[in-house]
$ cat target.cif   # mmCIF, C-alpha atoms and all ligand atoms
data_input
#
loop_
_atom_site.group_PDB
_atom_site.id
_atom_site.type_symbol
_atom_site.label_atom_id
_atom_site.label_comp_id
_atom_site.auth_asym_id
_atom_site.auth_seq_id
_atom_site.Cartn_x
_atom_site.Cartn_y
_atom_site.Cartn_z
ATOM 1 C CA MET A 152 0.000 0.000 0.000
ATOM 2 C CA THR A 153 1.345 3.452 -0.898
ATOM 3 C CA PRO A 154 2.097 5.594 2.123
ATOM 4 C CA ILE A 155 0.832 9.173 1.899
ATOM 5 C CA LEU A 156 2.865 10.110 4.986
ATOM 6 C CA GLU A 157 6.222 8.657 6.002
ATOM 7 C CA MET A 158 8.253 9.653 9.052
ATOM 8 C CA ARG A 159 11.740 8.309 9.664
ATOM 9 C CA GLY A 160 13.820 8.815 12.814
ATOM 10 C CA VAL A 161 12.001 11.993 13.804
ATOM 11 C CA ARG A 162 13.248 13.666 16.955
ATOM 12 C CA LYS A 163 11.906 16.811 18.589
ATOM 13 C CA SER A 164 13.031 18.248 21.893
ATOM 14 C CA PHE A 165 12.128 21.341 23.889
ATOM 15 C CA GLY A 166 15.226 22.282 25.886
ATOM 16 C CA GLY A 167 15.954 19.144 27.910
ATOM 17 C CA VAL A 168 12.600 17.487 27.227
ATOM 18 C CA VAL A 169 12.653 15.019 24.346
ATOM 19 C CA ALA A 170 9.015 15.026 23.210
ATOM 20 C CA ASN A 171 9.538 12.737 20.194
ATOM 21 C CA ARG A 172 12.409 10.277 19.983
ATOM 22 C CA ASP A 173 13.344 8.410 16.825
ATOM 23 C CA VAL A 174 9.761 8.096 15.576
ATOM 24 C CA THR A 175 9.371 6.041 12.404
ATOM 25 C CA LEU A 176 5.876 5.410 11.068
ATOM 26 C CA SER A 177 3.804 5.590 7.924
ATOM 27 C CA VAL A 178 0.181 6.253 7.089
ATOM 28 C CA PRO A 179 -1.220 4.507 3.993
ATOM 29 C CA GLU A 180 -3.122 6.605 1.472
ATOM 30 C CA GLY A 181 -6.892 6.519 1.916
ATOM 31 C CA LYS A 182 -6.820 4.880 5.362
ATOM 32 C CA THR A 183 -7.550 6.052 8.895
ATOM 33 C CA CYS A 184 -4.697 5.711 11.373
ATOM 34 C CA GLY A 185 -4.916 6.334 15.097
ATOM 35 C CA LEU A 186 -2.308 7.788 17.442
ATOM 36 C CA ILE A 187 -2.754 6.949 21.109
ATOM 37 C CA GLY A 188 -0.637 7.194 24.244
ATOM 38 C CA PRO A 189 -0.815 8.521 27.798
ATOM 39 C CA ASN A 190 -0.877 12.268 28.525
ATOM 40 C CA GLY A 191 2.437 13.909 27.739
ATOM 41 C CA SER A 192 3.625 11.039 25.533
ATOM 42 C CA GLY A 193 4.278 13.406 22.611
ATOM 43 C CA LYS A 194 1.195 12.973 20.411
ATOM 44 C CA THR A 195 0.400 16.651 19.879
ATOM 45 C CA THR A 196 4.077 17.438 19.345
ATOM 46 C CA LEU A 197 4.238 14.778 16.622
ATOM 47 C CA PHE A 198 1.312 16.434 14.811
ATOM 48 C CA SER A 199 2.974 19.843 15.212
ATOM 49 C CA CYS A 200 6.122 18.442 13.599
ATOM 50 C CA ILE A 201 4.169 16.950 10.683
ATOM 51 C CA ALA A 202 2.057 20.070 10.104
ATOM 52 C CA GLY A 203 5.095 22.355 10.143
ATOM 53 C CA SER A 204 4.452 24.196 13.438
ATOM 54 C CA HIS A 205 7.739 23.025 14.974
ATOM 55 C CA PRO A 206 11.057 22.497 13.179
ATOM 56 C CA ILE A 207 12.314 18.970 13.953
ATOM 57 C CA ASP A 208 15.784 18.240 15.370
ATOM 58 C CA LYS A 209 16.428 15.389 12.990
ATOM 59 C CA GLY A 210 14.777 12.810 10.783
ATOM 60 C CA SER A 211 12.646 12.926 7.684
ATOM 61 C CA ILE A 212 8.955 13.584 7.048
ATOM 62 C CA ARG A 213 7.597 12.854 3.587
ATOM 63 C CA PHE A 214 4.123 13.697 2.341
ATOM 64 C CA GLN A 215 3.140 12.214 -1.023
ATOM 65 C CA GLY A 216 6.799 11.370 -1.530
ATOM 66 C CA ARG A 217 8.001 14.909 -0.937
ATOM 67 C CA GLU A 218 10.220 15.972 1.979
ATOM 68 C CA ILE A 219 8.227 18.488 4.039
ATOM 69 C CA SER A 220 10.215 18.665 7.277
ATOM 70 C CA ALA A 221 11.749 22.033 6.380
ATOM 71 C CA LEU A 222 8.466 23.575 5.214
ATOM 72 C CA ARG A 223 6.174 25.763 7.327
ATOM 73 C CA VAL A 224 2.433 25.445 8.004
ATOM 74 C CA PRO A 225 0.959 27.458 5.080
ATOM 75 C CA LYS A 226 3.086 25.663 2.494
ATOM 76 C CA ILE A 227 2.255 22.219 3.918
ATOM 77 C CA ALA A 228 -1.428 23.169 4.009
ATOM 78 C CA ARG A 229 -1.236 24.110 0.320
ATOM 79 C CA LEU A 230 0.187 20.664 -0.410
ATOM 80 C CA GLY A 231 -3.016 19.211 1.066
ATOM 81 C CA LEU A 232 -2.045 18.333 4.658
ATOM 82 C CA LEU A 233 -4.047 20.108 7.370
ATOM 83 C CA ARG A 234 -4.442 19.769 11.115
ATOM 84 C CA THR A 235 -7.168 20.618 13.579
ATOM 85 C CA PHE A 236 -6.581 21.324 17.262
ATOM 86 C CA GLN A 237 -7.732 19.942 20.597
ATOM 87 C CA GLN A 238 -9.132 23.412 21.257
ATOM 88 C CA THR A 239 -11.174 24.705 18.344
ATOM 89 C CA ARG A 240 -9.752 27.588 16.305
ATOM 90 C CA ILE A 241 -12.802 29.379 15.037
ATOM 91 C CA TYR A 242 -13.714 33.062 15.034
ATOM 92 C CA VAL A 243 -16.500 33.157 17.632
ATOM 93 C CA LYS A 244 -17.856 36.547 16.587
ATOM 94 C CA MET A 245 -18.164 35.619 12.922
ATOM 95 C CA THR A 246 -21.059 33.546 11.625
ATOM 96 C CA CYS A 247 -20.561 29.909 10.687
ATOM 97 C CA MET A 248 -20.737 30.956 7.025
ATOM 98 C CA GLN A 249 -18.075 33.650 7.459
ATOM 99 C CA ASN A 250 -15.819 31.114 9.189
ATOM 100 C CA MET A 251 -16.264 28.827 6.194
ATOM 101 C CA LEU A 252 -15.426 31.552 3.679
ATOM 102 C CA ILE A 253 -12.231 32.626 5.435
ATOM 103 C CA SER A 254 -11.160 28.973 5.180
ATOM 104 C CA ALA A 255 -11.321 28.974 1.372
ATOM 105 C CA PRO A 256 -7.888 28.212 -0.082
ATOM 106 C CA ASP A 257 -7.455 31.666 -1.626
ATOM 107 C CA ALA A 258 -8.675 33.590 1.432
ATOM 108 C CA ALA A 259 -6.131 35.801 3.177
ATOM 109 C CA PRO A 260 -5.465 34.757 6.777
ATOM 110 C CA GLY A 261 -8.078 35.733 9.377
ATOM 111 C CA TRP A 262 -9.222 39.341 9.487
ATOM 112 C CA ASN A 263 -7.844 40.314 6.064
ATOM 113 C CA SER A 264 -10.151 37.889 4.290
ATOM 114 C CA PHE A 265 -13.066 39.962 5.583
ATOM 115 C CA PHE A 266 -12.216 42.511 2.922
ATOM 116 C CA ARG A 267 -12.214 40.067 0.053
ATOM 117 C CA LYS A 268 -15.404 39.136 -1.734
ATOM 118 C CA SER A 269 -15.961 35.397 -1.899
ATOM 119 C CA SER A 270 -16.838 33.762 -5.202
ATOM 120 C CA PRO A 271 -20.167 32.022 -5.902
ATOM 121 C CA ALA A 272 -18.252 28.730 -6.166
ATOM 122 C CA GLU A 273 -16.796 29.219 -2.675
ATOM 123 C CA GLU A 274 -20.245 30.020 -1.306
ATOM 124 C CA ARG A 275 -21.714 26.897 -2.917
ATOM 125 C CA ASN A 276 -18.908 24.803 -1.524
ATOM 126 C CA ALA A 277 -19.449 26.324 1.950
ATOM 127 C CA ASP A 278 -23.206 25.640 1.762
ATOM 128 C CA GLU A 279 -22.622 22.057 0.706
ATOM 129 C CA LEU A 280 -20.099 21.381 3.481
ATOM 130 C CA LEU A 281 -22.273 23.017 6.151
ATOM 131 C CA GLU A 282 -25.066 20.739 4.965
ATOM 132 C CA PHE A 283 -22.702 17.757 5.155
ATOM 133 C CA VAL A 284 -21.936 18.406 8.845
ATOM 134 C CA GLY A 285 -25.565 19.274 9.649
ATOM 135 C CA LEU A 286 -24.961 22.972 10.283
ATOM 136 C CA PHE A 287 -26.694 24.481 7.275
ATOM 137 C CA PRO A 288 -29.683 25.655 9.371
ATOM 138 C CA LYS A 289 -27.230 27.418 11.685
ATOM 139 C CA ARG A 290 -25.117 29.058 9.002
ATOM 140 C CA HIS A 291 -26.065 32.619 9.993
ATOM 141 C CA LEU A 292 -25.520 32.095 13.730
ATOM 142 C CA ARG A 293 -22.342 33.367 15.351
ATOM 143 C CA ALA A 294 -19.901 30.491 15.734
ATOM 144 C CA GLY A 295 -19.618 31.377 19.435
ATOM 145 C CA ASP A 296 -23.332 30.691 19.898
ATOM 146 C CA ILE A 297 -23.392 27.050 18.739
ATOM 147 C CA SER A 298 -22.460 24.155 21.047
ATOM 148 C CA PHE A 299 -18.873 22.994 21.466
ATOM 149 C CA GLY A 300 -19.635 19.796 19.559
ATOM 150 C CA GLN A 301 -21.138 21.799 16.718
ATOM 151 C CA GLN A 302 -18.033 23.995 16.721
ATOM 152 C CA LYS A 303 -15.972 20.833 16.185
ATOM 153 C CA LEU A 304 -18.186 19.936 13.237
ATOM 154 C CA LEU A 305 -17.761 23.487 11.914
ATOM 155 C CA GLU A 306 -14.011 23.143 12.247
ATOM 156 C CA LEU A 307 -14.127 19.921 10.248
ATOM 157 C CA ALA A 308 -16.192 21.617 7.538
ATOM 158 C CA MET A 309 -13.716 24.543 7.526
ATOM 159 C CA ALA A 310 -10.821 22.148 7.024
ATOM 160 C CA LEU A 311 -12.652 20.527 4.098
ATOM 161 C CA MET A 312 -13.012 23.903 2.324
ATOM 162 C CA SER A 313 -9.481 23.617 0.994
ATOM 163 C CA GLU A 314 -9.968 20.035 -0.258
ATOM 164 C CA PRO A 315 -7.114 18.482 1.720
ATOM 165 C CA ARG A 316 -5.696 15.030 0.913
ATOM 166 C CA MET A 317 -4.965 14.307 4.566
ATOM 167 C CA LEU A 318 -6.239 15.588 7.917
ATOM 168 C CA LEU A 319 -4.495 15.425 11.290
ATOM 169 C CA LEU A 320 -7.191 15.494 13.972
ATOM 170 C CA ASP A 321 -6.097 16.135 17.564
ATOM 171 C CA GLU A 322 -8.669 14.617 19.957
ATOM 172 C CA PRO A 323 -11.676 15.481 17.776
ATOM 173 C CA THR A 324 -14.184 14.119 20.307
ATOM 174 C CA ALA A 325 -12.733 15.779 23.432
ATOM 175 C CA GLY A 326 -15.396 17.701 25.339
ATOM 176 C CA ILE A 327 -18.271 16.679 23.069
ATOM 177 C CA ASN A 328 -21.438 15.085 24.427
ATOM 178 C CA PRO A 329 -21.960 11.416 23.476
ATOM 179 C CA LYS A 330 -24.812 12.095 21.046
ATOM 180 C CA LEU A 331 -22.684 14.462 18.966
ATOM 181 C CA ILE A 332 -19.662 12.137 19.193
ATOM 182 C CA ASP A 333 -21.554 9.614 17.068
ATOM 183 C CA ASP A 334 -22.441 12.354 14.551
ATOM 184 C CA LEU A 335 -18.836 13.445 14.342
ATOM 185 C CA LEU A 336 -17.555 9.863 13.953
ATOM 186 C CA ASP A 337 -20.082 9.241 11.204
ATOM 187 C CA ARG A 338 -18.892 12.370 9.364
ATOM 188 C CA LEU A 339 -15.243 11.397 9.819
ATOM 189 C CA ARG A 340 -15.925 7.954 8.332
ATOM 190 C CA ARG A 341 -17.674 9.577 5.383
ATOM 191 C CA VAL A 342 -14.839 12.082 4.908
ATOM 192 C CA ASN A 343 -12.509 9.101 4.686
ATOM 193 C CA ARG A 344 -14.642 6.761 2.567
ATOM 194 C CA GLU A 345 -16.563 9.111 0.291
ATOM 195 C CA ARG A 346 -13.962 11.841 -0.159
ATOM 196 C CA GLY A 347 -10.939 9.560 0.035
ATOM 197 C CA ILE A 348 -9.227 11.819 2.558
ATOM 198 C CA THR A 349 -6.593 10.063 4.669
ATOM 199 C CA LEU A 350 -7.084 10.589 8.418
ATOM 200 C CA PHE A 351 -4.540 10.509 11.233
ATOM 201 C CA VAL A 352 -6.371 10.838 14.534
ATOM 202 C CA ILE A 353 -5.153 11.396 18.101
ATOM 203 C CA GLU A 354 -7.753 10.023 20.468
ATOM 204 C CA HIS A 355 -7.815 9.117 24.137
ATOM 205 C CA ASN A 356 -11.276 7.583 23.964
ATOM 206 C CA MET A 357 -10.466 3.915 23.303
ATOM 207 C CA ARG A 358 -13.961 3.015 22.159
ATOM 208 C CA VAL A 359 -13.780 5.795 19.578
ATOM 209 C CA ILE A 360 -10.366 4.979 18.155
ATOM 210 C CA MET A 361 -10.951 1.217 18.061
ATOM 211 C CA GLY A 362 -14.081 1.828 16.004
ATOM 212 C CA LEU A 363 -12.533 4.407 13.688
ATOM 213 C CA ALA A 364 -8.958 3.427 12.873
ATOM 214 C CA ASP A 365 -7.668 0.759 10.478
ATOM 215 C CA TYR A 366 -4.281 0.822 12.188
ATOM 216 C CA ILE A 367 -3.041 2.317 15.454
ATOM 217 C CA TYR A 368 0.287 3.666 16.708
ATOM 218 C CA CYS A 369 0.908 3.998 20.440
ATOM 219 C CA LEU A 370 3.450 6.468 21.862
ATOM 220 C CA ALA A 371 4.912 6.383 25.363
ATOM 221 C CA HIS A 372 7.541 8.827 26.657
ATOM 222 C CA GLY A 373 7.952 10.180 23.121
ATOM 223 C CA GLU A 374 8.790 6.806 21.592
ATOM 224 C CA LEU A 375 6.746 4.427 19.514
ATOM 225 C CA LEU A 376 5.760 1.695 21.940
ATOM 226 C CA ALA A 377 3.493 -0.474 19.830
ATOM 227 C CA GLN A 378 1.567 -0.570 16.569
ATOM 228 C CA GLY A 379 -1.049 -2.791 15.026
ATOM 229 C CA LYS A 380 -4.657 -3.324 14.108
ATOM 230 C CA PRO A 381 -7.192 -2.196 16.741
ATOM 231 C CA GLU A 382 -7.746 -5.740 17.994
ATOM 232 C CA GLU A 383 -3.980 -6.242 18.366
ATOM 233 C CA ILE A 384 -3.464 -2.948 20.207
ATOM 234 C CA GLN A 385 -6.369 -3.633 22.510
ATOM 235 C CA THR A 386 -4.719 -6.762 23.876
ATOM 236 C CA ASP A 387 -1.077 -5.554 23.738
ATOM 237 C CA GLN A 388 0.297 -5.808 27.274
ATOM 238 C CA ARG A 389 2.782 -2.938 26.715
ATOM 239 C CA VAL A 390 -0.080 -0.617 25.760
ATOM 240 C CA ILE A 391 -2.176 -1.711 28.710
ATOM 241 C CA ASP A 392 0.773 -1.157 31.070
ATOM 242 C CA ALA A 393 1.521 2.290 29.597
ATOM 243 C CA TYR A 394 -2.066 3.367 30.210
ATOM 244 C CA LEU A 395 -2.215 1.880 33.673
ATOM 245 C CA GLY A 396 1.018 3.641 34.564
ATOM 246 C CA ALA A 397 3.187 0.541 35.013
ATOM 247 C CA GLN A 398 6.851 0.915 34.066
HETATM 248 P P1 LIG B 1 0.460 14.667 24.392
HETATM 249 O O1 LIG B 1 -0.203 15.394 23.281
HETATM 250 O O2 LIG B 1 0.721 13.215 24.116
HETATM 251 O O3 LIG B 1 -0.275 14.834 25.698
HETATM 252 P P2 LIG B 1 2.583 16.653 24.090
HETATM 253 O O4 LIG B 1 3.105 16.456 22.730
HETATM 254 O O5 LIG B 1 1.651 17.791 24.297
HETATM 255 O O6 LIG B 1 1.922 15.292 24.624
HETATM 256 O O7 LIG B 1 3.799 16.827 25.096
HETATM 257 C C1 LIG B 1 4.919 15.955 25.125
HETATM 258 C C2 LIG B 1 6.001 16.543 26.032
HETATM 259 O O8 LIG B 1 6.558 17.699 25.425
HETATM 260 C C3 LIG B 1 5.482 16.974 27.396
HETATM 261 O O9 LIG B 1 6.477 16.712 28.339
HETATM 262 C C4 LIG B 1 5.284 18.459 27.232
HETATM 263 O O10 LIG B 1 5.410 19.136 28.459
HETATM 264 C C5 LIG B 1 6.406 18.836 26.265
HETATM 265 N N1 LIG B 1 6.048 19.984 25.403
HETATM 266 C C6 LIG B 1 5.083 19.994 24.448
HETATM 267 N N2 LIG B 1 5.028 21.189 23.832
HETATM 268 C C7 LIG B 1 5.999 21.960 24.392
HETATM 269 C C8 LIG B 1 6.485 23.302 24.180
HETATM 270 N N3 LIG B 1 5.937 24.073 23.231
HETATM 271 N N4 LIG B 1 7.491 23.729 24.953
HETATM 272 C C9 LIG B 1 8.056 22.937 25.894
HETATM 273 N N5 LIG B 1 7.665 21.669 26.145
HETATM 274 C C10 LIG B 1 6.660 21.182 25.416
HETATM 275 MG MG MG B 2 -2.071 16.439 23.204
#
$ encode --input "target.cif" --output "structure tokens"
Amino acid sequence: MTPILEMRGVRKSFGGVVANRDVTLSVPEGKTCGLIGPNGSGKTTLFSCIAGSHPIDKGSIRFQGREISALRVPKIARLGLLRTFQQTRIYVKMTCMQNMLISAPDAAPGWNSFFRKSSPAEERNADELLEFVGLFPKRHLRAGDISFGQQKLLELAMALMSEPRMLLLDEPTAGINPKLIDDLLDRLRRVNRERGITLFVIEHNMRVIMGLADYIYCLAHGELLAQGKPEEIQTDQRVIDAYLGAQ
């Protein structure tokens, strides 16, 4: 299977703290991979390295065969690799629709895009994606006035505006009520299957990741501890020990 993302020997430290140590992994095109591990094991840092938020100390990161480890966030995003955050990054005072339009690939960052007129094609795309995540009836509400779970769905729709090839999702279900979790998981599966977008998902909810991912990587203390299919990971004693805090 062709990997869309390949990391080899990636290391990232902050002063004396080594957050990622010699991480080698790959994500096959069109699949959903999970990234699990106890708090502080380096999951978010790994996504920051991939997405271009942090320069890495050493190693290689390839996306669609191209070395991206020296590139910054906007360039990597233009190549089709986007991340979302544990905390949502939406403009709470703008409407859902305005948030969508500033996420169009040609929009200037943030405030500046307010001054640019969006095209009918962008508006159609925004309508269609808001419909896809079930937020079309709320499109004229301020993003700050919808629920946290709906904000997560909005963030997903915003990410889809630029037609990415791969999404990095950092704890997409954190803080969402169980009813909306199922909605979000259903949309994520459809994003993967219908749109062919590769997903790499950090998740601490085991039920969620076991039901979503084709393959799972587990980090502990910044290193890859285990990898395998969900059913293999579930019964891997090293993973169980890492979560239970055994050494
Ligand atoms: P996780 O997402 O698995 O909870 P993180 O990647 O957030 O873990 O953190 C891994 C380690 O790196 C932790 O020890 C954390 O304190 C440290 N760390 C993460 N980001 C920074 C930063 N910007 N500056 C300094 N230390 C950081
Ligand atoms: Mg994290």
$ residues_near_ligand --input "target.cif" --ligand "ligand LIG 1 (chain B)" --cutoff "12 Å" --atoms "all atoms listed in the file" --output "MDAnalysis selection string"
chainID A and resid 162:172 186:200 204:206 236:237 320:322 352:355 369:375 394
$ atom_distance --input "target.cif" --atom1 "CA of Val224 (chain A)" --atom2 "CA of Ser270 (chain A)"
24.8 Å
$ resolve_selection --input "target.cif" --expression "the PyMOL selection byres (((chain A and resi 292-296) around 9) and not hetatm)" --output "PyMOL selection string"
chain A and resi 241-250+288-291+297-299+301-302+305
$ residues_around --input "target.cif" --residues "region 378-381 of chain A" --least-positions-apart "6" --cutoff "7 Å" --atoms "only C-alpha atoms" --output "ChimeraX atom specification"
/A:361,365-369
$ closest_residue --input "target.cif" --among "A:Ile391, A:Met152, A:Ala325, A:Met312" --to "ligand MG 2 (chain B)" --atoms "only C-alpha atoms and all ligand atoms"
A:Ala325
$ axis_aligned_box --input "target.cif" --around "region 381-389 of chain A" --padding-each-side "5 Å" --output "lines of an AutoDock Vina configuration file"
center_x = -2.5
center_y = -4.5
center_z = 22.0
size_x = 20.5
size_y = 14.6
size_z = 20.5
$ residues_near_point --input "target.cif" --point "(-16.5, 24.0, 4.6)" --cutoff "6 Å" --atoms "all atoms listed in the file" --output "number ranges by chain"
A: 251, 277, 280, 308-309, 311-312
$ closest_residue --input "target.cif" --among "A:Asn343, A:Ser211, A:Ser313, A:Ser177" --to "Ser254 (chain A)" --atoms "only C-alpha atoms"
A:Ser313
$ closest_residue --input "target.cif" --among "A:Gly300, A:Arg229, A:Gly210, A:Arg267" --to "Ile327 (chain A)" --atoms "only C-alpha atoms"
A:Gly300
$ resolve_selection --input "target.cif" --expression "the PyMOL selection byres (((chain A and resi 363) around 9) and not hetatm)" --output "number ranges by chain"
A: 183-185, 336, 339-340, 352, 358-362, 364-365
$ residues_around --input "target.cif" --residues "Leu318 (chain A)" --least-positions-apart "3" --cutoff "9 Å" --atoms "all atoms listed in the file" --output "list in words"
Gly231, Leu232, Leu233, Arg234, Thr235, Ala310, Leu311, Pro315, Ile348, Thr349, Leu350, Phe351 and Val352 of chain A
$ residues_around --input "target.cif" --residues "Arg213 (chain A)" --least-positions-apart "6" --cutoff "6 Å" --atoms "all atoms listed in the file" --output "ChimeraX atom specification"
/A:156-157,219
$ build_atoms --input "target.cif" --residues "region 203-219 of chain A" --atoms "N, CA, C and O atoms" --output "JSON list (two decimals), in the frame of the given file"
[["chain", "number", "residue", "atom", "x", "y", "z"],
["A", 203, "GLY", "N", 4.16, 21.26, 10.41],
["A", 203, "GLY", "CA", 5.10, 22.36, 10.14],
["A", 203, "GLY", "C", 5.09, 23.45, 11.21],
["A", 203, "GLY", "O", 5.65, 24.52, 11.00],
["A", 204, "SER", "N", 4.46, 23.18, 12.37],
["A", 204, "SER", "CA", 4.45, 24.20, 13.44],
["A", 204, "SER", "C", 5.77, 24.23, 14.20],
["A", 204, "SER", "O", 6.12, 25.26, 14.76],
["A", 205, "HIS", "N", 6.45, 23.09, 14.27],
["A", 205, "HIS", "CA", 7.74, 23.02, 14.97],
["A", 205, "HIS", "C", 8.79, 22.48, 14.02],
["A", 205, "HIS", "O", 8.57, 21.44, 13.40],
["A", 206, "PRO", "N", 9.96, 23.13, 13.93],
["A", 206, "PRO", "CA", 11.06, 22.50, 13.18],
["A", 206, "PRO", "C", 11.53, 21.26, 13.95],
["A", 206, "PRO", "O", 11.58, 21.30, 15.19],
["A", 207, "ILE", "N", 11.85, 20.17, 13.26],
["A", 207, "ILE", "CA", 12.31, 18.97, 13.95],
["A", 207, "ILE", "C", 13.83, 19.02, 14.13],
["A", 207, "ILE", "O", 14.52, 19.73, 13.40],
["A", 208, "ASP", "N", 14.33, 18.27, 15.12],
["A", 208, "ASP", "CA", 15.78, 18.24, 15.37],
["A", 208, "ASP", "C", 16.49, 17.38, 14.33],
["A", 208, "ASP", "O", 17.55, 17.70, 13.84],
["A", 209, "LYS", "N", 15.86, 16.23, 14.04],
["A", 209, "LYS", "CA", 16.43, 15.39, 12.99],
["A", 209, "LYS", "C", 15.38, 14.40, 12.48],
["A", 209, "LYS", "O", 14.32, 14.26, 13.08],
["A", 210, "GLY", "N", 15.70, 13.77, 11.37],
["A", 210, "GLY", "CA", 14.78, 12.81, 10.78],
["A", 210, "GLY", "C", 14.18, 13.34, 9.50],
["A", 210, "GLY", "O", 14.57, 14.40, 9.01],
["A", 211, "SER", "N", 13.24, 12.58, 8.97],
["A", 211, "SER", "CA", 12.65, 12.93, 7.68],
["A", 211, "SER", "C", 11.13, 12.76, 7.76],
["A", 211, "SER", "O", 10.62, 11.84, 8.40],
["A", 212, "ILE", "N", 10.41, 13.69, 7.15],
["A", 212, "ILE", "CA", 8.96, 13.58, 7.05],
["A", 212, "ILE", "C", 8.59, 13.79, 5.58],
["A", 212, "ILE", "O", 8.87, 14.85, 5.01],
["A", 213, "ARG", "N", 7.99, 12.76, 4.99],
["A", 213, "ARG", "CA", 7.60, 12.85, 3.59],
["A", 213, "ARG", "C", 6.09, 12.79, 3.46],
["A", 213, "ARG", "O", 5.44, 11.95, 4.08],
["A", 214, "PHE", "N", 5.54, 13.70, 2.64],
["A", 214, "PHE", "CA", 4.12, 13.70, 2.34],
["A", 214, "PHE", "C", 3.98, 13.55, 0.83],
["A", 214, "PHE", "O", 4.56, 14.33, 0.07],
["A", 215, "GLN", "N", 3.27, 12.53, 0.40],
["A", 215, "GLN", "CA", 3.14, 12.21, -1.02],
["A", 215, "GLN", "C", 4.52, 12.17, -1.69],
["A", 215, "GLN", "O", 4.70, 12.68, -2.79],
["A", 216, "GLY", "N", 5.47, 11.57, -0.97],
["A", 216, "GLY", "CA", 6.80, 11.37, -1.53],
["A", 216, "GLY", "C", 7.73, 12.57, -1.43],
["A", 216, "GLY", "O", 8.91, 12.48, -1.75],
["A", 217, "ARG", "N", 7.21, 13.69, -0.96],
["A", 217, "ARG", "CA", 8.00, 14.91, -0.94],
["A", 217, "ARG", "C", 8.44, 15.25, 0.49],
["A", 217, "ARG", "O", 7.65, 15.19, 1.41],
["A", 218, "GLU", "N", 9.71, 15.60, 0.65],
["A", 218, "GLU", "CA", 10.22, 15.97, 1.98],
["A", 218, "GLU", "C", 9.58, 17.29, 2.42],
["A", 218, "GLU", "O", 9.67, 18.29, 1.70],
["A", 219, "ILE", "N", 8.91, 17.27, 3.58],
["A", 219, "ILE", "CA", 8.23, 18.49, 4.04],
["A", 219, "ILE", "C", 8.77, 19.01, 5.37],
["A", 219, "ILE", "O", 8.26, 19.99, 5.90]]
